[in-house]
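Engineer: Just one file: input.csv, with CSV, N, CA and C atoms.
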chain,number,residue,atom,x,y,z
A,1,MET,N,25.9,13.4,-35.6
A,1,MET,CA,26.9,13.2,-36.6
A,1,MET,C,27.4,11.8,-36.5
A,2,LEU,N,27.4,11.0,-37.5
A,2,LEU,CA,27.8,9.6,-37.5
A,2,LEU,C,29.2,9.6,-38.1
A,3,LEU,N,30.2,9.2,-37.3
A,3,LEU,CA,31.6,9.1,-37.7
A,3,LEU,C,31.8,7.7,-38.4
A,4,HIS,N,31.7,7.7,-39.7
A,4,HIS,CA,31.9,6.5,-40.5
A,4,HIS,C,33.3,6.1,-40.5
A,5,GLN,N,34.2,7.1,-40.6
A,5,GLN,CA,35.6,6.8,-40.5
A,5,GLN,C,36.0,6.9,-39.1
A,6,PHE,N,36.5,5.8,-38.6
A,6,PHE,CA,36.8,5.6,-37.2
A,6,PHE,C,38.0,6.6,-36.7
A,7,LYS,N,37.7,7.5,-35.8
A,7,LYS,CA,38.6,8.4,-35.3
A,7,LYS,C,38.5,8.5,-33.8
A,8,TRP,N,39.3,7.7,-33.1
A,8,TRP,CA,39.1,7.5,-31.6
A,8,TRP,C,39.4,8.9,-30.9
A,9,LYS,N,40.3,9.6,-31.4
A,9,LYS,CA,40.7,10.9,-30.8
A,9,LYS,C,39.5,11.8,-30.7
A,10,GLU,N,38.6,11.8,-31.7
A,10,GLU,CA,37.4,12.6,-31.6
A,10,GLU,C,36.4,12.2,-30.5
A,11,VAL,N,36.5,10.9,-30.2
A,11,VAL,CA,35.6,10.4,-29.1
A,11,VAL,C,36.2,10.9,-27.8
A,12,ILE,N,37.5,10.7,-27.6
A,12,ILE,CA,38.2,11.0,-26.3
A,12,ILE,C,38.2,12.5,-26.1
A,13,ASP,N,38.4,13.3,-27.1
A,13,ASP,CA,38.5,14.7,-26.9
A,13,ASP,C,37.2,15.5,-26.9
A,14,ALA,N,36.1,14.8,-27.2
A,14,ALA,CA,34.8,15.4,-27.2
A,14,ALA,C,34.3,15.8,-25.8
A,15,THR,N,33.8,17.0,-25.7
A,15,THR,CA,33.2,17.4,-24.4
A,15,THR,C,31.7,17.0,-24.3
A,16,GLU,N,31.1,16.8,-25.5
A,16,GLU,CA,29.7,16.4,-25.5
A,16,GLU,C,29.7,14.8,-25.5
A,17,PRO,N,28.6,14.2,-25.1
A,17,PRO,CA,28.5,12.8,-25.1
A,17,PRO,C,28.7,12.2,-26.5
A,18,VAL,N,29.4,11.0,-26.6
A,18,VAL,CA,29.5,10.3,-27.8
A,18,VAL,C,29.1,8.9,-27.6
A,19,LEU,N,28.2,8.4,-28.4
A,19,LEU,CA,27.7,7.0,-28.4
A,19,LEU,C,28.7,6.2,-29.3
A,20,VAL,N,29.3,5.2,-28.7
A,20,VAL,CA,30.2,4.4,-29.4
A,20,VAL,C,29.6,3.0,-29.6
A,21,ASP,N,29.4,2.6,-30.8
A,21,ASP,CA,28.7,1.4,-31.2
A,21,ASP,C,29.8,0.4,-31.6
A,22,PHE,N,30.0,-0.6,-30.7
A,22,PHE,CA,30.9,-1.7,-31.0
A,22,PHE,C,30.1,-2.8,-31.7
A,23,TRP,N,30.4,-3.1,-33.0
A,23,TRP,CA,29.5,-3.9,-33.8
A,23,TRP,C,30.4,-4.8,-34.7
A,24,ALA,N,29.7,-5.7,-35.4
A,24,ALA,CA,30.4,-6.6,-36.4
A,24,ALA,C,29.4,-6.9,-37.6
A,25,GLU,N,29.9,-7.1,-38.8
A,25,GLU,CA,29.0,-7.3,-39.9
A,25,GLU,C,28.1,-8.6,-39.7
A,26,TRP,N,28.7,-9.6,-39.1
A,26,TRP,CA,28.1,-10.9,-38.9
A,26,TRP,C,27.0,-10.9,-37.8
A,27,CYS,N,26.9,-9.8,-37.1
A,27,CYS,CA,26.0,-9.8,-35.8
A,27,CYS,C,24.6,-9.3,-36.2
A,28,PRO,N,23.6,-10.3,-36.1
A,28,PRO,CA,22.2,-9.9,-36.4
A,28,PRO,C,21.7,-8.7,-35.5
A,29,PRO,N,21.9,-8.7,-34.2
A,29,PRO,CA,21.4,-7.6,-33.4
A,29,PRO,C,22.0,-6.2,-33.9
A,30,CYS,N,23.3,-6.3,-34.3
A,30,CYS,CA,23.9,-5.1,-34.8
A,30,CYS,C,23.2,-4.6,-36.0
A,31,ARG,N,22.8,-5.4,-36.9
A,31,ARG,CA,22.1,-5.0,-38.1
A,31,ARG,C,20.7,-4.5,-37.8
A,32,ALA,N,20.1,-5.2,-36.8
A,32,ALA,CA,18.7,-4.8,-36.4
A,32,ALA,C,18.7,-3.4,-35.8
A,33,MET,N,19.8,-3.0,-35.1
A,33,MET,CA,19.8,-1.7,-34.5
A,33,MET,C,20.3,-0.6,-35.4
A,34,ASN,N,20.8,-0.9,-36.6
A,34,ASN,CA,21.3,0.2,-37.5
A,34,ASN,C,20.4,1.4,-37.6
A,35,PRO,N,19.0,1.2,-37.8
A,35,PRO,CA,18.2,2.3,-37.9
A,35,PRO,C,18.2,3.2,-36.7
A,36,THR,N,18.2,2.6,-35.5
A,36,THR,CA,18.3,3.3,-34.3
A,36,THR,C,19.6,4.1,-34.2
A,37,ILE,N,20.7,3.5,-34.5
A,37,ILE,CA,22.0,4.2,-34.5
A,37,ILE,C,22.0,5.4,-35.4
A,38,GLU,N,21.4,5.2,-36.6
A,38,GLU,CA,21.4,6.3,-37.6
A,38,GLU,C,20.5,7.4,-37.2
A,39,ALA,N,19.4,7.1,-36.5
A,39,ALA,CA,18.4,8.1,-36.0
A,39,ALA,C,19.1,8.9,-34.9
A,40,LEU,N,19.8,8.2,-34.0
A,40,LEU,CA,20.5,9.0,-32.9
A,40,LEU,C,21.6,9.9,-33.5
A,41,ALA,N,22.3,9.4,-34.6
A,41,ALA,CA,23.3,10.2,-35.2
A,41,ALA,C,22.8,11.5,-35.8
A,42,LYS,N,21.6,11.6,-36.0
A,42,LYS,CA,21.0,12.9,-36.5
A,42,LYS,C,21.1,14.0,-35.4
A,43,ASP,N,21.0,13.6,-34.1
A,43,ASP,CA,21.0,14.5,-33.0
A,43,ASP,C,22.2,14.5,-32.1
A,44,PHE,N,23.0,13.4,-32.2
A,44,PHE,CA,24.2,13.3,-31.3
A,44,PHE,C,25.4,12.8,-32.1
A,45,LYS,N,26.5,12.9,-31.5
A,45,LYS,CA,27.7,12.3,-32.1
A,45,LYS,C,27.7,10.8,-31.8
A,46,VAL,N,27.9,10.0,-32.9
A,46,VAL,CA,27.9,8.6,-32.8
A,46,VAL,C,29.1,8.0,-33.6
A,47,CYS,N,29.8,7.1,-33.0
A,47,CYS,CA,31.0,6.5,-33.6
A,47,CYS,C,30.8,5.0,-33.7
A,48,LYS,N,31.0,4.4,-34.9
A,48,LYS,CA,30.9,3.0,-35.1
A,48,LYS,C,32.2,2.3,-35.1
A,49,VAL,N,32.4,1.3,-34.3
A,49,VAL,CA,33.7,0.6,-34.2
A,49,VAL,C,33.5,-0.9,-34.5
A,50,ASN,N,34.1,-1.3,-35.6
A,50,ASN,CA,34.0,-2.7,-36.0
A,50,ASN,C,35.0,-3.5,-35.1
A,51,VAL,N,34.4,-4.4,-34.3
A,51,VAL,CA,35.3,-5.2,-33.4
A,51,VAL,C,36.2,-6.1,-34.1
A,52,ASP,N,35.9,-6.5,-35.3
A,52,ASP,CA,36.8,-7.4,-36.1
A,52,ASP,C,38.1,-6.7,-36.5
A,53,SER,N,38.0,-5.5,-36.8
A,53,SER,CA,39.2,-4.7,-37.2
A,53,SER,C,39.7,-3.8,-36.1
A,54,ASN,N,39.1,-3.8,-35.0
A,54,ASN,CA,39.6,-3.0,-33.8
A,54,ASN,C,39.5,-3.8,-32.5
A,55,GLN,N,40.1,-5.0,-32.6
A,55,GLN,CA,40.0,-5.9,-31.4
A,55,GLN,C,40.7,-5.4,-30.2
A,56,GLU,N,41.8,-4.7,-30.4
A,56,GLU,CA,42.6,-4.2,-29.2
A,56,GLU,C,41.7,-3.2,-28.5
A,57,LEU,N,41.1,-2.3,-29.2
A,57,LEU,CA,40.2,-1.3,-28.6
A,57,LEU,C,39.0,-1.9,-27.9
A,58,ALA,N,38.4,-2.9,-28.5
A,58,ALA,CA,37.3,-3.6,-27.9
A,58,ALA,C,37.7,-4.3,-26.6
A,59,ASN,N,38.9,-4.9,-26.6
A,59,ASN,CA,39.4,-5.6,-25.4
A,59,ASN,C,39.7,-4.6,-24.3
A,60,ARG,N,40.3,-3.4,-24.7
A,60,ARG,CA,40.6,-2.4,-23.7
A,60,ARG,C,39.4,-1.9,-22.9
A,61,HIS,N,38.2,-1.9,-23.6
A,61,HIS,CA,37.0,-1.5,-23.0
A,61,HIS,C,36.1,-2.6,-22.5
A,62,GLY,N,36.6,-3.8,-22.4
A,62,GLY,CA,35.9,-5.0,-21.9
A,62,GLY,C,34.7,-5.4,-22.7
A,63,ILE,N,34.8,-5.3,-24.0
A,63,ILE,CA,33.8,-5.7,-24.9
A,63,ILE,C,33.9,-7.2,-25.1
A,64,SER,N,33.0,-8.0,-24.5
A,64,SER,CA,33.1,-9.4,-24.7
A,64,SER,C,31.9,-10.0,-25.5
A,65,SER,N,30.9,-9.2,-25.6
A,65,SER,CA,29.7,-9.6,-26.5
A,65,SER,C,29.2,-8.3,-27.2
A,66,ILE,N,28.6,-8.5,-28.4
A,66,ILE,CA,28.1,-7.4,-29.1
A,66,ILE,C,26.7,-7.7,-29.5
A,67,ARG,N,26.1,-6.7,-29.7
A,67,ARG,CA,26.2,-5.3,-29.9
A,67,ARG,C,26.5,-4.7,-28.5
A,68,ALA,N,27.5,-3.9,-28.4
A,68,ALA,CA,27.8,-3.2,-27.1
A,68,ALA,C,27.8,-1.7,-27.5
A,69,LEU,N,27.2,-0.9,-26.6
A,69,LEU,CA,27.1,0.5,-26.8
A,69,LEU,C,27.7,1.2,-25.6
A,70,LEU,N,28.7,2.0,-25.8
A,70,LEU,CA,29.3,2.8,-24.7
A,70,LEU,C,29.1,4.2,-25.0
A,71,ILE,N,28.8,5.0,-23.9
A,71,ILE,CA,28.6,6.4,-24.1
A,71,ILE,C,29.8,7.0,-23.3
A,72,PHE,N,30.6,7.8,-24.1
A,72,PHE,CA,31.7,8.5,-23.5
A,72,PHE,C,31.4,10.0,-23.3
A,73,LYS,N,31.9,10.5,-22.3
A,73,LYS,CA,31.8,12.0,-22.0
A,73,LYS,C,33.0,12.4,-21.4
A,74,ASP,N,33.6,13.5,-21.9
A,74,ASP,CA,34.9,14.0,-21.4
A,74,ASP,C,36.0,12.9,-21.3
A,75,GLY,N,36.0,12.0,-22.3
A,75,GLY,CA,37.0,11.0,-22.4
A,75,GLY,C,36.8,9.8,-21.5
A,76,LYS,N,35.7,9.7,-20.8
A,76,LYS,CA,35.4,8.6,-19.9
A,76,LYS,C,34.1,7.9,-20.2
A,77,VAL,N,34.0,6.6,-19.9
A,77,VAL,CA,32.8,5.9,-20.1
A,77,VAL,C,31.7,6.4,-19.1
A,78,ALA,N,30.6,6.9,-19.6
A,78,ALA,CA,29.5,7.4,-18.7
A,78,ALA,C,28.3,6.4,-18.8
A,79,GLY,N,28.3,5.5,-19.7
A,79,GLY,CA,27.2,4.5,-19.8
A,79,GLY,C,27.5,3.4,-20.7
A,80,ARG,N,26.9,2.2,-20.4
A,80,ARG,CA,27.2,1.0,-21.1
A,80,ARG,C,25.9,0.2,-21.3
A,81,TYR,N,25.7,-0.3,-22.5
A,81,TYR,CA,24.5,-1.1,-22.8
A,81,TYR,C,25.0,-2.2,-23.7
A,82,VAL,N,24.4,-3.4,-23.5
A,82,VAL,CA,24.8,-4.6,-24.3
A,82,VAL,C,23.5,-5.2,-24.9
A,83,GLY,N,23.5,-5.5,-26.2
A,83,GLY,CA,22.4,-6.1,-26.8
A,83,GLY,C,21.5,-5.0,-27.5
A,84,VAL,N,20.3,-5.5,-27.9
A,84,VAL,CA,19.4,-4.5,-28.5
A,84,VAL,C,18.9,-3.6,-27.4
A,85,THR,N,19.0,-2.3,-27.6
A,85,THR,CA,18.6,-1.3,-26.6
A,85,THR,C,17.6,-0.4,-27.3
A,86,PRO,N,16.5,-0.1,-26.6
A,86,PRO,CA,15.5,0.8,-27.2
A,86,PRO,C,16.1,2.2,-27.5
A,87,GLU,N,15.7,2.8,-28.6
A,87,GLU,CA,16.1,4.1,-29.0
A,87,GLU,C,15.8,5.1,-27.9
A,88,THR,N,14.6,5.0,-27.3
A,88,THR,CA,14.2,5.9,-26.2
A,88,THR,C,15.2,5.9,-25.0
A,89,THR,N,15.7,4.7,-24.7
A,89,THR,CA,16.6,4.6,-23.6
A,89,THR,C,17.9,5.3,-23.9
A,90,LEU,N,18.5,5.0,-25.1
A,90,LEU,CA,19.7,5.7,-25.5
A,90,LEU,C,19.6,7.2,-25.7
A,91,ARG,N,18.4,7.6,-26.3
A,91,ARG,CA,18.2,9.0,-26.5
A,91,ARG,C,18.1,9.8,-25.1
A,92,ALA,N,17.4,9.2,-24.2
A,92,ALA,CA,17.2,9.8,-22.9
A,92,ALA,C,18.6,9.9,-22.2
A,93,GLU,N,19.4,8.9,-22.2
A,93,GLU,CA,20.7,9.0,-21.6
A,93,GLU,C,21.7,10.0,-22.3
A,94,MET,N,21.6,10.0,-23.6
A,94,MET,CA,22.5,11.0,-24.3
A,94,MET,C,22.0,12.4,-24.0
A,95,GLN,N,20.7,12.6,-23.9
A,95,GLN,CA,20.1,13.9,-23.6
A,95,GLN,C,20.5,14.3,-22.2
A,96,ARG,N,20.4,13.4,-21.3
A,96,ARG,CA,20.7,13.7,-19.9
A,96,ARG,C,22.2,14.1,-19.7
A,97,LEU,N,23.1,13.4,-20.4
A,97,LEU,CA,24.5,13.7,-20.4
A,97,LEU,C,24.8,15.1,-21.1
A,98,SER,N,24.0,15.3,-22.2
A,98,SER,CA,24.2,16.6,-22.9
A,98,SER,C,23.7,17.8,-22.0
A,99,ASP,N,22.7,17.5,-21.2
A,99,ASP,CA,22.1,18.5,-20.3
A,99,ASP,C,22.9,18.8,-19.1
A,100,SER,N,24.0,18.0,-18.8
A,100,SER,CA,24.8,18.2,-17.6
A,100,SER,C,25.7,19.4,-17.8
A,101,TYR,N,25.6,20.1,-18.9
A,101,TYR,CA,26.2,21.4,-19.1
A,101,TYR,C,25.2,22.5,-18.8
A,102,GLY,N,25.6,23.5,-18.1
A,102,GLY,CA,24.7,24.6,-17.7
A,102,GLY,C,24.1,25.3,-18.9
A,103,ALA,N,23.1,26.1,-18.6
A,103,ALA,CA,22.4,26.9,-19.6
A,103,ALA,C,23.3,27.7,-20.4
A,104,TYR,N,24.4,28.1,-19.9
A,104,TYR,CA,25.4,29.0,-20.6
A,104,TYR,C,26.6,28.2,-21.1
A,105,GLY,N,26.5,26.9,-21.1
A,105,GLY,CA,27.5,26.1,-21.7
A,105,GLY,C,28.6,25.7,-20.6
A,106,SER,N,28.4,26.1,-19.4
A,106,SER,CA,29.4,25.8,-18.4
A,106,SER,C,29.2,24.4,-17.8
A,107,LYS,N,30.3,23.8,-17.5
A,107,LYS,CA,30.2,22.4,-17.0
A,107,LYS,C,29.8,22.4,-15.5
A,108,LEU,N,29.1,21.4,-15.1
A,108,LEU,CA,28.7,21.3,-13.7
A,108,LEU,C,30.0,21.0,-12.8
A,109,PRO,N,29.9,21.3,-11.6
A,109,PRO,CA,31.1,21.0,-10.7
A,109,PRO,C,31.5,19.6,-10.7
A,110,ALA,N,32.7,19.3,-10.5
A,110,ALA,CA,33.3,17.9,-10.5
A,110,ALA,C,32.6,17.0,-9.4
A,111,ASN,N,32.1,17.6,-8.3
A,111,ASN,CA,31.5,16.8,-7.3
A,111,ASN,C,30.0,16.6,-7.5
A,112,PHE,N,29.5,17.1,-8.6
A,112,PHE,CA,28.1,16.9,-8.9
A,112,PHE,C,27.8,15.4,-9.2
A,113,THR,N,26.8,14.9,-8.6
A,113,THR,CA,26.4,13.5,-8.8
A,113,THR,C,25.0,13.4,-9.2
A,114,THR,N,24.6,12.3,-9.9
A,114,THR,CA,23.3,12.0,-10.3
A,114,THR,C,22.7,10.8,-9.6
A,115,GLN,N,21.5,10.5,-9.9
A,115,GLN,CA,20.9,9.3,-9.3
A,115,GLN,C,21.3,8.0,-10.0
A,116,PHE,N,22.0,8.1,-11.1
A,116,PHE,CA,22.4,7.0,-11.9
A,116,PHE,C,23.8,6.5,-11.4
A,117,SER,N,24.0,5.2,-11.3
A,117,SER,CA,25.3,4.6,-11.0
A,117,SER,C,25.6,3.5,-11.9
A,118,PHE,N,26.8,3.5,-12.5
A,118,PHE,CA,27.2,2.5,-13.5
A,118,PHE,C,28.3,1.6,-12.9
A,119,SER,N,28.5,1.7,-11.5
A,119,SER,CA,29.5,0.9,-10.9
A,119,SER,C,29.4,-0.6,-11.1
A,120,ARG,N,28.2,-1.1,-11.2
A,120,ARG,CA,28.0,-2.5,-11.4
A,120,ARG,C,28.6,-3.1,-12.7
A,121,PHE,N,28.9,-2.2,-13.6
A,121,PHE,CA,29.4,-2.6,-14.9
A,121,PHE,C,30.9,-2.6,-14.9
A,122,ASN,N,31.6,-2.4,-13.8
A,122,ASN,CA,33.1,-2.4,-13.7
A,122,ASN,C,33.7,-1.5,-14.7
A,123,LEU,N,33.3,-0.3,-14.7
A,123,LEU,CA,33.9,0.7,-15.6
A,123,LEU,C,35.2,1.1,-15.0
As structure tokens - that is how I would like this structure written.
Structural biologist:
Amino acid sequence: MLLHQFKWKEVIDATEPVLVDFWAEWCPPCRAMNPTIEALAKDFKVCKVNVDSNQELANRHGISSIRALLIFKDGKVAGRYVGVTPETTLRAEMQRLSDSYGAYGSKLPANFTTQFSFSRFNL
């Protein structure tokens, strides 16, 4: 689902992963990735945030260059990508985060860790 109308509460309240696309109309990489973002929106929740009209939100999340893609899960940043990013990379991360719920929809324990670490991104 592609959230064309910006609703930050839907991102923060979502239990499933949400890909947040920080973009601008004047950004060539942003335009180049539009087909990728639209393809991902067919299978996952995606929210587009125009940095020109949402500068405070972009600053709050440390967006200093665009295209920036943040993946939120349970109200927290779970992944961060800057620049043109392959659809396969984003799809795999969204699927991994979607799969962190058990077969019966139950959430994994809070102390569950994965092999991925995003600490170098100062989240």
Engineer: Just want the 6 Å neighbourhood of Val49 in chain A, counted on all atoms listed in the file, with same-chain residues fewer than 2 positions away dropped. Output as a PDB file with N, CA and C atoms, in the frame of the given file.
Structural biologist:
ATOM      1  N   VAL A  20      29.300   5.200 -28.700  1.00  0.00           N
ATOM      2  CA  VAL A  20      30.200   4.400 -29.400  1.00  0.00           C
ATOM      3  C   VAL A  20      29.600   3.000 -29.600  1.00  0.00           C
ATOM      4  N   ASP A  21      29.400   2.600 -30.800  1.00  0.00           N
ATOM      5  CA  ASP A  21      28.700   1.400 -31.200  1.00  0.00           C
ATOM      6  C   ASP A  21      29.800   0.400 -31.600  1.00  0.00           C
ATOM      7  N   PHE A  22      30.000  -0.600 -30.700  1.00  0.00           N
ATOM      8  CA  PHE A  22      30.900  -1.700 -31.000  1.00  0.00           C
ATOM      9  C   PHE A  22      30.100  -2.800 -31.700  1.00  0.00           C
ATOM     10  N   TRP A  23      30.400  -3.100 -33.000  1.00  0.00           N
ATOM     11  CA  TRP A  23      29.500  -3.900 -33.800  1.00  0.00           C
ATOM     12  C   TRP A  23      30.400  -4.800 -34.700  1.00  0.00           C
ATOM     13  N   CYS A  47      29.800   7.100 -33.000  1.00  0.00           N
ATOM     14  CA  CYS A  47      31.000   6.500 -33.600  1.00  0.00           C
ATOM     15  C   CYS A  47      30.800   5.000 -33.700  1.00  0.00           C
ATOM     16  N   VAL A  51      34.400  -4.400 -34.300  1.00  0.00           N
ATOM     17  CA  VAL A  51      35.300  -5.200 -33.400  1.00  0.00           C
ATOM     18  C   VAL A  51      36.200  -6.100 -34.100  1.00  0.00           C
TER      19      VAL A  51
END
Engineer: Have a look at CA of Ser65 in chain A and CA of Arg91 in chain A and let me know their distance in Å, one decimal.
Structural biologist: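 Taking CA of Ser65 in chain A and CA of Arg91 in chain A, their separation equals 21.9 Å.
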Engineer: Grab the atom C of Leu57 in chain A to atom C of Thr36 in chain A distance for me, in Å with one decimal place.
Structural biologist: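 Result for atom C of Leu57 in chain A versus atom C of Thr36 in chain A: 21.3 Å, one decimal.
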Engineer: List the spatial neighbours of Ile66 in chain A as a list in words - criterion: any atom at most 10 Å away, only C-alpha atoms, same-chain residues fewer than 2 positions off excluded.
Structural biologist: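 Near neighbours after the sequence-gap exclusion: Asp21, Phe22, Trp23, Ala24, Cys27, Pro28, Pro29, Cys30, Val51, Ile63, Ser64, Ala68, Leu69, Tyr81, Val82, Gly83 and Val84 of chain A.
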Engineer: Counting all atoms listed in the file, which of A:Gly79, A:Gly62, A:Pro17, A:Pro35 gets nearest to Leu97 in chain A?
Structural biologist: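 Of the candidates, the smallest distance to Leu97 in chain A is held by A:Pro17.
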Engineer: What is the distance between CA of Asn50 in chain A and CA of Asn34 in chain A, in Å to one decimal?
Structural biologist: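 It comes out at 13.1 Å.
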Engineer: So which one's closest to Val18 in chain A, A:Arg80, A:Arg67, A:Lys45, A:Arg60? Using only N, CA and C atoms, please.
Structural biologist: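 The shortest atom-to-atom distance to Val18 in chain A comes from A:Lys45.
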